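Novice: Shown below is the structure under consideration.
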Amino acid sequence: MATKDERIDAYIEKSQAFAQPILTHLRELLHRGCPEITETIKWSMPFFEHKGPLANLASFKAHCSFGFWKASLMKDELQLLSTGERAGMGDFGKMTSLEDLPPDDVIIAYIREAVRVNEE
């Protein structure tokens, strides 16, 4: 059963106004993509775990980011995961609005791929 961590609620609430809907939406997608996911805080940011670290969120003054812990091991058929210079910005780059995200079904597919990697 999934668990939610109140510290993540507080993290999102303290984030910049533009980041709050992005972080909330990604959190919901993580729970949809992996109903057994567990939330926690590591290195002062939200982390999501399932059989090990799965993904994390971060909020900054002018952007937010989302990354998969084992992105380098994931299948990336759509070539959406960051590499090289962009890798430090999270796997979908710097996000400032919901429009910066891929479609929900694509994100959920990537979440399920991250789950597969952790389970193997």
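Residue names in the structure tokens use chain letters A, B, ... in the order shown, residue numbers from 1 in each chain, and ligand numbers from 1 in the order shown.
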Could you go through chain A and tell me which residues DSSP, when run on the backbone, assigns to strand (DSSP E or B), listing them as a ChimeraX atom specification?

Specialist: /A:3,38-42,45-49,53-59,64-68,95

Novice: Go ahead and save the picked residues with C-alpha atoms, as a PDB file, in the first residue's frame.

Specialist:
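Saved file result-v1.pdb follows:
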```pdb
ATOM      1  CA  THR A   3       2.291   5.819   1.853  1.00  0.00           C
ATOM      2  CA  THR A  38       6.576   5.081  -0.688  1.00  0.00           C
ATOM      3  CA  GLU A  39       7.356   8.746  -0.105  1.00  0.00           C
ATOM      4  CA  THR A  40      10.197  10.139   1.967  1.00  0.00           C
ATOM      5  CA  ILE A  41      12.575  13.095   2.200  1.00  0.00           C
ATOM      6  CA  LYS A  42      16.248  12.618   1.362  1.00  0.00           C
ATOM      7  CA  MET A  45      13.886  16.923  -1.255  1.00  0.00           C
ATOM      8  CA  PRO A  46      11.009  14.529  -1.986  1.00  0.00           C
ATOM      9  CA  PHE A  47      12.014  10.988  -2.903  1.00  0.00           C
ATOM     10  CA  PHE A  48       9.812   8.146  -4.067  1.00  0.00           C
ATOM     11  CA  GLU A  49      10.817   4.544  -3.449  1.00  0.00           C
ATOM     12  CA  PRO A  53      15.093   4.719  -4.809  1.00  0.00           C
ATOM     13  CA  LEU A  54      12.855   5.350  -7.827  1.00  0.00           C
ATOM     14  CA  ALA A  55      12.511   9.098  -8.438  1.00  0.00           C
ATOM     15  CA  ASN A  56      12.857  12.524  -6.868  1.00  0.00           C
ATOM     16  CA  LEU A  57      11.444  16.021  -7.184  1.00  0.00           C
ATOM     17  CA  ALA A  58      13.174  19.337  -6.550  1.00  0.00           C
ATOM     18  CA  SER A  59      11.965  22.910  -6.511  1.00  0.00           C
ATOM     19  CA  CYS A  64      11.684  22.589 -10.726  1.00  0.00           C
ATOM     20  CA  SER A  65      12.975  19.183 -11.728  1.00  0.00           C
ATOM     21  CA  PHE A  66      12.023  15.522 -11.741  1.00  0.00           C
ATOM     22  CA  GLY A  67      14.438  12.664 -12.071  1.00  0.00           C
ATOM     23  CA  PHE A  68      14.619   8.896 -12.046  1.00  0.00           C
ATOM     24  CA  MET A  95      10.250  22.840 -15.740  1.00  0.00           C
TER      25      MET A  95
END
```

Novice: Can I get the residues of range 15-92 of chain A within 12 Å of range 106-110 of chain A, each with the closest pair of atoms and their distance in Å to one decimal, using only C-alpha atoms, sorted chain first then ascending number, as JSON lines?

Specialist:
```
{"residue": "A:His25", "atom": "CA", "partner": "A:Ile107", "partner_atom": "CA", "distance": 10.8}
{"residue": "A:Leu26", "atom": "CA", "partner": "A:Ile107", "partner_atom": "CA", "distance": 8.5}
{"residue": "A:Arg27", "atom": "CA", "partner": "A:Ile108", "partner_atom": "CA", "distance": 11.1}
{"residue": "A:Glu28", "atom": "CA", "partner": "A:Ile108", "partner_atom": "CA", "distance": 10.1}
{"residue": "A:Leu29", "atom": "CA", "partner": "A:Ile108", "partner_atom": "CA", "distance": 6.3}
{"residue": "A:Leu30", "atom": "CA", "partner": "A:Ile108", "partner_atom": "CA", "distance": 7.2}
{"residue": "A:His31", "atom": "CA", "partner": "A:Ile108", "partner_atom": "CA", "distance": 9.3}
{"residue": "A:Arg32", "atom": "CA", "partner": "A:Ile108", "partner_atom": "CA", "distance": 7.3}
{"residue": "A:Gly33", "atom": "CA", "partner": "A:Ile108", "partner_atom": "CA", "distance": 5.0}
{"residue": "A:Cys34", "atom": "CA", "partner": "A:Ile108", "partner_atom": "CA", "distance": 8.5}
{"residue": "A:Pro35", "atom": "CA", "partner": "A:Ile108", "partner_atom": "CA", "distance": 11.4}
{"residue": "A:Leu54", "atom": "CA", "partner": "A:Tyr110", "partner_atom": "CA", "distance": 10.8}
{"residue": "A:Ala55", "atom": "CA", "partner": "A:Tyr110", "partner_atom": "CA", "distance": 10.6}
{"residue": "A:Phe66", "atom": "CA", "partner": "A:Ile107", "partner_atom": "CA", "distance": 10.7}
{"residue": "A:Gly67", "atom": "CA", "partner": "A:Tyr110", "partner_atom": "CA", "distance": 10.6}
{"residue": "A:Phe68", "atom": "CA", "partner": "A:Tyr110", "partner_atom": "CA", "distance": 8.8}
{"residue": "A:Trp69", "atom": "CA", "partner": "A:Tyr110", "partner_atom": "CA", "distance": 11.9}
{"residue": "A:Lys70", "atom": "CA", "partner": "A:Tyr110", "partner_atom": "CA", "distance": 11.3}
{"residue": "A:Ala71", "atom": "CA", "partner": "A:Tyr110", "partner_atom": "CA", "distance": 9.4}
{"residue": "A:Leu73", "atom": "CA", "partner": "A:Tyr110", "partner_atom": "CA", "distance": 11.7}
{"residue": "A:Met74", "atom": "CA", "partner": "A:Tyr110", "partner_atom": "CA", "distance": 8.2}
{"residue": "A:Lys75", "atom": "CA", "partner": "A:Tyr110", "partner_atom": "CA", "distance": 8.4}
{"residue": "A:Asp76", "atom": "CA", "partner": "A:Tyr110", "partner_atom": "CA", "distance": 8.0}
{"residue": "A:Glu77", "atom": "CA", "partner": "A:Tyr110", "partner_atom": "CA", "distance": 9.8}
{"residue": "A:Leu78", "atom": "CA", "partner": "A:Val106", "partner_atom": "CA", "distance": 9.0}
{"residue": "A:Gln79", "atom": "CA", "partner": "A:Tyr110", "partner_atom": "CA", "distance": 10.9}
{"residue": "A:Leu80", "atom": "CA", "partner": "A:Tyr110", "partner_atom": "CA", "distance": 9.5}
{"residue": "A:Leu81", "atom": "CA", "partner": "A:Tyr110", "partner_atom": "CA", "distance": 9.3}
{"residue": "A:Asp91", "atom": "CA", "partner": "A:Tyr110", "partner_atom": "CA", "distance": 10.6}
{"residue": "A:Phe92", "atom": "CA", "partner": "A:Ile107", "partner_atom": "CA", "distance": 9.9}
```

Novice: Write the residues you've just listed into a file as a JSON list (two decimals), in the first residue's frame, and include N, CA and C atoms for each of them.

Specialist:
```json
[["chain", "number", "residue", "atom", "x", "y", "z"],
["A", 25, "HIS", "N", 1.26, 17.42, -9.48],
["A", 25, "HIS", "CA", 0.88, 16.55, -10.60],
["A", 25, "HIS", "C", 1.83, 15.36, -10.74],
["A", 26, "LEU", "N", 3.13, 15.62, -10.67],
["A", 26, "LEU", "CA", 4.11, 14.53, -10.77],
["A", 26, "LEU", "C", 3.95, 13.55, -9.61],
["A", 27, "ARG", "N", 3.68, 14.06, -8.44],
["A", 27, "ARG", "CA", 3.46, 13.19, -7.27],
["A", 27, "ARG", "C", 2.27, 12.26, -7.53],
["A", 28, "GLU", "N", 1.18, 12.82, -8.05],
["A", 28, "GLU", "CA", 0.00, 12.01, -8.36],
["A", 28, "GLU", "C", 0.33, 10.96, -9.42],
["A", 29, "LEU", "N", 1.09, 11.33, -10.44],
["A", 29, "LEU", "CA", 1.45, 10.37, -11.48],
["A", 29, "LEU", "C", 2.34, 9.26, -10.93],
["A", 30, "LEU", "N", 3.22, 9.58, -10.02],
["A", 30, "LEU", "CA", 4.05, 8.55, -9.40],
["A", 30, "LEU", "C", 3.19, 7.52, -8.67],
["A", 31, "HIS", "N", 2.16, 7.99, -7.99],
["A", 31, "HIS", "CA", 1.25, 7.08, -7.28],
["A", 31, "HIS", "C", 0.39, 6.29, -8.25],
["A", 32, "ARG", "N", 0.02, 6.89, -9.36],
["A", 32, "ARG", "CA", -0.75, 6.15, -10.37],
["A", 32, "ARG", "C", 0.12, 5.11, -11.07],
["A", 33, "GLY", "N", 1.35, 5.45, -11.35],
["A", 33, "GLY", "CA", 2.25, 4.55, -12.05],
["A", 33, "GLY", "C", 2.76, 3.41, -11.18],
["A", 34, "CYS", "N", 2.78, 3.63, -9.88],
["A", 34, "CYS", "CA", 3.24, 2.61, -8.93],
["A", 34, "CYS", "C", 2.44, 2.75, -7.65],
["A", 35, "PRO", "N", 1.29, 2.10, -7.55],
["A", 35, "PRO", "CA", 0.45, 2.24, -6.36],
["A", 35, "PRO", "C", 1.14, 1.86, -5.05],
["A", 54, "LEU", "N", 13.48, 5.38, -6.50],
["A", 54, "LEU", "CA", 12.85, 5.35, -7.83],
["A", 54, "LEU", "C", 12.96, 6.71, -8.52],
["A", 55, "ALA", "N", 12.54, 7.77, -7.82],
["A", 55, "ALA", "CA", 12.51, 9.10, -8.44],
["A", 55, "ALA", "C", 12.57, 10.17, -7.36],
["A", 66, "PHE", "N", 12.51, 16.86, -12.04],
["A", 66, "PHE", "CA", 12.02, 15.52, -11.74],
["A", 66, "PHE", "C", 13.02, 14.56, -12.34],
["A", 67, "GLY", "N", 13.46, 13.59, -11.55],
["A", 67, "GLY", "CA", 14.44, 12.66, -12.07],
["A", 67, "GLY", "C", 14.23, 11.25, -11.59],
["A", 68, "PHE", "N", 14.64, 10.31, -12.41],
["A", 68, "PHE", "CA", 14.62, 8.90, -12.05],
["A", 68, "PHE", "C", 15.99, 8.53, -11.51],
["A", 69, "TRP", "N", 16.02, 7.83, -10.41],
["A", 69, "TRP", "CA", 17.26, 7.48, -9.73],
["A", 69, "TRP", "C", 18.17, 6.64, -10.63],
["A", 70, "LYS", "N", 17.59, 5.71, -11.38],
["A", 70, "LYS", "CA", 18.38, 4.82, -12.23],
["A", 70, "LYS", "C", 18.08, 5.07, -13.71],
["A", 71, "ALA", "N", 17.98, 6.32, -14.09],
["A", 71, "ALA", "CA", 17.63, 6.68, -15.48],
["A", 71, "ALA", "C", 18.58, 6.05, -16.49],
["A", 73, "LEU", "N", 19.79, 3.22, -16.58],
["A", 73, "LEU", "CA", 19.48, 1.81, -16.80],
["A", 73, "LEU", "C", 18.12, 1.60, -17.47],
["A", 74, "MET", "N", 17.37, 2.67, -17.61],
["A", 74, "MET", "CA", 16.01, 2.56, -18.15],
["A", 74, "MET", "C", 16.01, 2.55, -19.67],
["A", 75, "LYS", "N", 15.02, 1.84, -20.23],
["A", 75, "LYS", "CA", 14.78, 1.93, -21.67],
["A", 75, "LYS", "C", 14.20, 3.31, -21.93],
["A", 76, "ASP", "N", 14.69, 3.96, -22.96],
["A", 76, "ASP", "CA", 14.28, 5.34, -23.27],
["A", 76, "ASP", "C", 13.96, 5.45, -24.76],
["A", 77, "GLU", "N", 12.95, 4.71, -25.17],
["A", 77, "GLU", "CA", 12.60, 4.65, -26.60],
["A", 77, "GLU", "C", 12.24, 6.01, -27.19],
["A", 78, "LEU", "N", 11.66, 6.89, -26.38],
["A", 78, "LEU", "CA", 11.29, 8.22, -26.88],
["A", 78, "LEU", "C", 12.42, 9.23, -26.71],
["A", 79, "GLN", "N", 13.52, 8.81, -26.14],
["A", 79, "GLN", "CA", 14.69, 9.65, -25.91],
["A", 79, "GLN", "C", 14.33, 10.94, -25.19],
["A", 80, "LEU", "N", 13.58, 10.79, -24.09],
["A", 80, "LEU", "CA", 13.18, 11.94, -23.29],
["A", 80, "LEU", "C", 14.08, 12.16, -22.08],
["A", 81, "LEU", "N", 14.79, 11.13, -21.66],
["A", 81, "LEU", "CA", 15.61, 11.26, -20.48],
["A", 81, "LEU", "C", 16.87, 12.06, -20.80],
["A", 91, "ASP", "N", 15.45, 14.67, -15.32],
["A", 91, "ASP", "CA", 15.32, 13.92, -16.57],
["A", 91, "ASP", "C", 14.45, 14.58, -17.62],
["A", 92, "PHE", "N", 13.64, 15.54, -17.25],
["A", 92, "PHE", "CA", 12.82, 16.24, -18.24],
["A", 92, "PHE", "C", 13.21, 17.71, -18.34]]
```

Novice: For Pro102 in chain A, which residue out of A:Ile22, A:Ala62, A:Ala114, A:Lys51 is the nearest one, using only C-alpha atoms?

Specialist: A:Ile22

Novice: Please report the interatomic distance between CA of Thr24 in chain A and CA of Ser72 in chain A in Å with one decimal.

Specialist: 25.0 Å

Novice: Tell me, as a tab-separated table (two decimals) with all heavy atoms, in the first residue's frame, which residues lie within 10 Å of Ser44 in chain A, counting only C-alpha atoms; anything in the same chain fewer than 6 positions away does not count.

Specialist:
```
chain	number	residue	atom	x	y	z
A	7	ARG	N	5.73	15.55	5.07
A	7	ARG	CA	6.84	16.47	4.78
A	7	ARG	C	6.86	16.87	3.32
A	7	ARG	O	7.30	17.97	2.98
A	7	ARG	CB	8.17	15.83	5.18
A	7	ARG	CG	8.27	15.55	6.69
A	7	ARG	CD	9.53	14.78	7.02
A	7	ARG	NE	9.50	13.47	6.37
A	7	ARG	CZ	10.54	12.64	6.33
A	7	ARG	NH1	11.70	12.98	6.88
A	7	ARG	NH2	10.45	11.47	5.74
A	8	ILE	N	6.36	16.00	2.45
A	8	ILE	CA	6.29	16.36	1.03
A	8	ILE	C	5.18	17.38	0.80
A	8	ILE	O	5.33	18.31	0.01
A	8	ILE	CB	6.14	15.11	0.15
A	8	ILE	CG1	7.43	14.29	0.26
A	8	ILE	CG2	5.84	15.48	-1.30
A	8	ILE	CD1	7.45	13.01	-0.52
A	11	TYR	N	6.81	20.53	1.75
A	11	TYR	CA	7.79	20.92	0.73
A	11	TYR	C	7.10	21.61	-0.44
A	11	TYR	O	7.52	22.67	-0.90
A	11	TYR	CB	8.56	19.68	0.25
A	11	TYR	CG	9.65	19.97	-0.76
A	11	TYR	CD1	10.96	20.16	-0.36
A	11	TYR	CD2	9.36	20.04	-2.13
A	11	TYR	CE1	11.97	20.42	-1.28
A	11	TYR	CE2	10.37	20.30	-3.05
A	11	TYR	CZ	11.66	20.49	-2.62
A	11	TYR	OH	12.64	20.76	-3.54
A	58	ALA	N	12.47	18.22	-7.16
A	58	ALA	CA	13.17	19.34	-6.55
A	58	ALA	C	12.56	20.63	-7.05
A	58	ALA	O	12.15	20.73	-8.21
A	58	ALA	CB	14.66	19.29	-6.88
```

Novice: For the atom pair CA of Gly90 in chain A and CA of Ala19 in chain A, what is the interatomic distance in Å to one decimal place?

Specialist: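 Atom-to-atom, CA of Gly90 in chain A and CA of Ala19 in chain A are spaced 14.2 Å apart.
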